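A.B. asks: Dropping in target.cif, which is mmCIF, C-alpha atoms:
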data_structure
#
loop_
_atom_site.group_PDB
_atom_site.id
_atom_site.type_symbol
_atom_site.label_atom_id
_atom_site.label_comp_id
_atom_site.auth_asym_id
_atom_site.auth_seq_id
_atom_site.Cartn_x
_atom_site.Cartn_y
_atom_site.Cartn_z
ATOM 1 C CA MET A 1 11.064 15.301 7.805
ATOM 2 C CA ARG A 2 10.634 12.020 5.977
ATOM 3 C CA ILE A 3 12.005 11.170 2.520
ATOM 4 C CA GLU A 4 10.207 8.590 0.371
ATOM 5 C CA ARG A 5 11.091 7.279 -3.081
ATOM 6 C CA PHE A 6 8.644 7.050 -5.975
ATOM 7 C CA LYS A 7 9.151 5.293 -9.337
ATOM 8 C CA MET A 8 8.629 7.422 -12.444
ATOM 9 C CA GLU A 9 8.302 5.945 -15.939
ATOM 10 C CA ARG A 10 8.890 9.144 -17.929
ATOM 11 C CA THR A 11 11.148 12.095 -17.278
ATOM 12 C CA GLY A 12 10.405 15.776 -17.734
ATOM 13 C CA LEU A 13 7.070 15.744 -15.904
ATOM 14 C CA LEU A 14 8.336 17.359 -12.715
ATOM 15 C CA ASN A 15 11.330 19.257 -11.374
ATOM 16 C CA GLU A 16 13.227 19.497 -8.119
ATOM 17 C CA GLY A 17 11.462 21.920 -5.800
ATOM 18 C CA ASP A 18 7.950 21.127 -7.078
ATOM 19 C CA VAL A 19 5.311 20.623 -4.375
ATOM 20 C CA LEU A 20 2.868 17.963 -5.535
ATOM 21 C CA PRO A 21 -0.228 16.302 -4.081
ATOM 22 C CA ILE A 22 -0.016 12.705 -2.864
ATOM 23 C CA LYS A 23 -3.050 10.444 -3.192
ATOM 24 C CA GLU A 24 -3.442 7.230 -1.200
ATOM 25 C CA TYR A 25 -4.885 4.007 -2.626
ATOM 26 C CA GLU A 26 -5.845 0.997 -0.558
ATOM 27 C CA LEU A 27 -5.095 -2.637 -1.385
ATOM 28 C CA PRO A 28 -6.397 -5.597 0.642
ATOM 29 C CA ASN A 29 -3.286 -5.743 2.861
ATOM 30 C CA SER A 30 -1.342 -2.577 2.073
ATOM 31 C CA TYR A 31 -1.385 0.952 0.645
ATOM 32 C CA TYR A 32 0.331 2.683 -2.272
ATOM 33 C CA TYR A 33 0.619 6.327 -3.285
ATOM 34 C CA MET A 34 0.447 8.342 -6.490
ATOM 35 C CA LEU A 35 2.448 11.551 -6.845
ATOM 36 C CA GLY A 36 0.824 14.449 -8.673
ATOM 37 C CA HIS A 37 -1.265 13.542 -11.700
ATOM 38 C CA ALA A 38 0.150 10.000 -11.877
ATOM 39 C CA TYR A 39 3.703 11.276 -12.417
ATOM 40 C CA ALA A 40 5.189 8.643 -10.126
ATOM 41 C CA MET A 41 4.048 5.752 -7.933
ATOM 42 C CA SER A 42 5.296 4.432 -4.609
ATOM 43 C CA ALA A 43 6.008 0.926 -3.450
ATOM 44 C CA ASN A 44 3.454 -0.805 -1.224
ATOM 45 C CA TYR A 45 3.359 0.239 2.442
ATOM 46 C CA THR A 46 1.997 -1.580 5.477
ATOM 47 C CA THR A 47 -0.469 0.096 7.812
ATOM 48 C CA LEU A 48 2.337 1.166 10.162
ATOM 49 C CA GLU A 49 4.319 2.730 7.270
ATOM 50 C CA ARG A 50 1.456 4.757 5.783
ATOM 51 C CA ILE A 51 2.128 8.290 4.539
ATOM 52 C CA ALA A 52 0.046 10.864 6.390
ATOM 53 C CA SER A 53 1.065 13.886 4.281
ATOM 54 C CA LYS A 54 -1.240 15.067 1.512
ATOM 55 C CA GLU A 55 1.590 16.742 -0.425
ATOM 56 C CA GLY A 56 5.343 16.498 -0.766
ATOM 57 C CA LYS A 57 8.285 18.454 -2.142
ATOM 58 C CA VAL A 58 10.478 16.893 -4.841
ATOM 59 C CA VAL A 59 14.074 16.978 -3.604
ATOM 60 C CA LYS A 60 15.770 14.733 -6.166
ATOM 61 C CA VAL A 61 15.084 13.235 -9.592
ATOM 62 C CA GLU A 62 17.447 10.385 -10.431
ATOM 63 C CA LYS A 63 18.007 8.269 -13.539
ATOM 64 C CA THR A 64 19.179 4.702 -12.887
ATOM 65 C CA GLU A 65 19.501 1.542 -14.959
ATOM 66 C CA LYS A 66 16.042 0.518 -13.735
ATOM 67 C CA GLY A 67 14.349 3.807 -14.625
ATOM 68 C CA PHE A 68 13.661 7.171 -13.065
ATOM 69 C CA TYR A 69 13.184 7.701 -9.331
ATOM 70 C CA VAL A 70 11.903 10.707 -7.420
ATOM 71 C CA ASP A 71 12.765 11.430 -3.787
ATOM 72 C CA VAL A 72 10.009 13.367 -2.055
ATOM 73 C CA GLU A 73 10.290 15.217 1.258
ATOM 74 C CA LEU A 74 7.248 14.814 3.480
ATOM 75 C CA ASN A 75 6.368 16.964 6.467
ATOM 76 C CA GLU A 76 6.101 14.091 8.965
#
What would the structure in this file look like if it were written as structure tokens?

C.D. replies:
Amino acid sequence: MRIERFKMERTGLLNEGDVLPIKEYELPNSYYYMLGHAYAMSANYTTLERIASKEGKVVKVEKTEKGFYVDVELNE
């Protein structure tokens, strides 16, 4: 299992336990990922760090001073 963190701008769009699709987007030198219907977005990943899973399970939704973060469990 692999846990990755996504940044979410608004709360209330998803709950712990939700299984959501993950879509990959390519940049010139890296990749980033969108969770669900643009509920949350990942940081940039190098080619070696790419996420292979097409869906993930929300294990934690956290509010911090910098915003909302979602931890997603991937089957990798």

A.B. asks: Give me, please, the distance in Å between CA of Pro21 in chain A and CA of Thr46 in chain A, quoted to one decimal.

C.D. replies: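 Atom-to-atom, CA of Pro21 in chain A to CA of Thr46 in chain A, that is 20.4 Å.
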
A.B. asks: Find the residues near range 2-9 of chain A: any atom within 7 Å, counting only C-alpha atoms, skip ones fewer than 3 places away on the same chain, and give them as an MDAnalysis selection string.

C.D. replies: chainID A and resid 39:42 67:76

A.B. asks: Taking only C-alpha atoms into account, which of A:Thr47, A:Asn15, A:Ser53, A:Thr64 comes nearest Asn29 in chain A?

C.D. replies: A:Thr47

A.B. asks: Using all atoms listed in the file, pick whichever of A:Arg10, A:Lys54, A:Lys66, A:Lys60 has the shortest atom-to-atom distance to Ala38 in chain A.

C.D. replies: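 The answer is A:Arg10, which sits nearest to Ala38 in chain A.
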
A.B. asks: Can you translate the PyMOL selection byres ((chain A and resi 26) around 12) into the concrete residues it hits in this file, as a ChimeraX atom specification?

C.D. replies: /A:23-25,27-34,44-47,50-51

A.B. asks: I'd like the interatomic distance between CA of Val61 in chain A and CA of Glu49 in chain A, to a tenth of an Å.

C.D. replies: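 Atom-to-atom, CA of Val61 in chain A and CA of Glu49 in chain A are spaced 22.6 Å apart.
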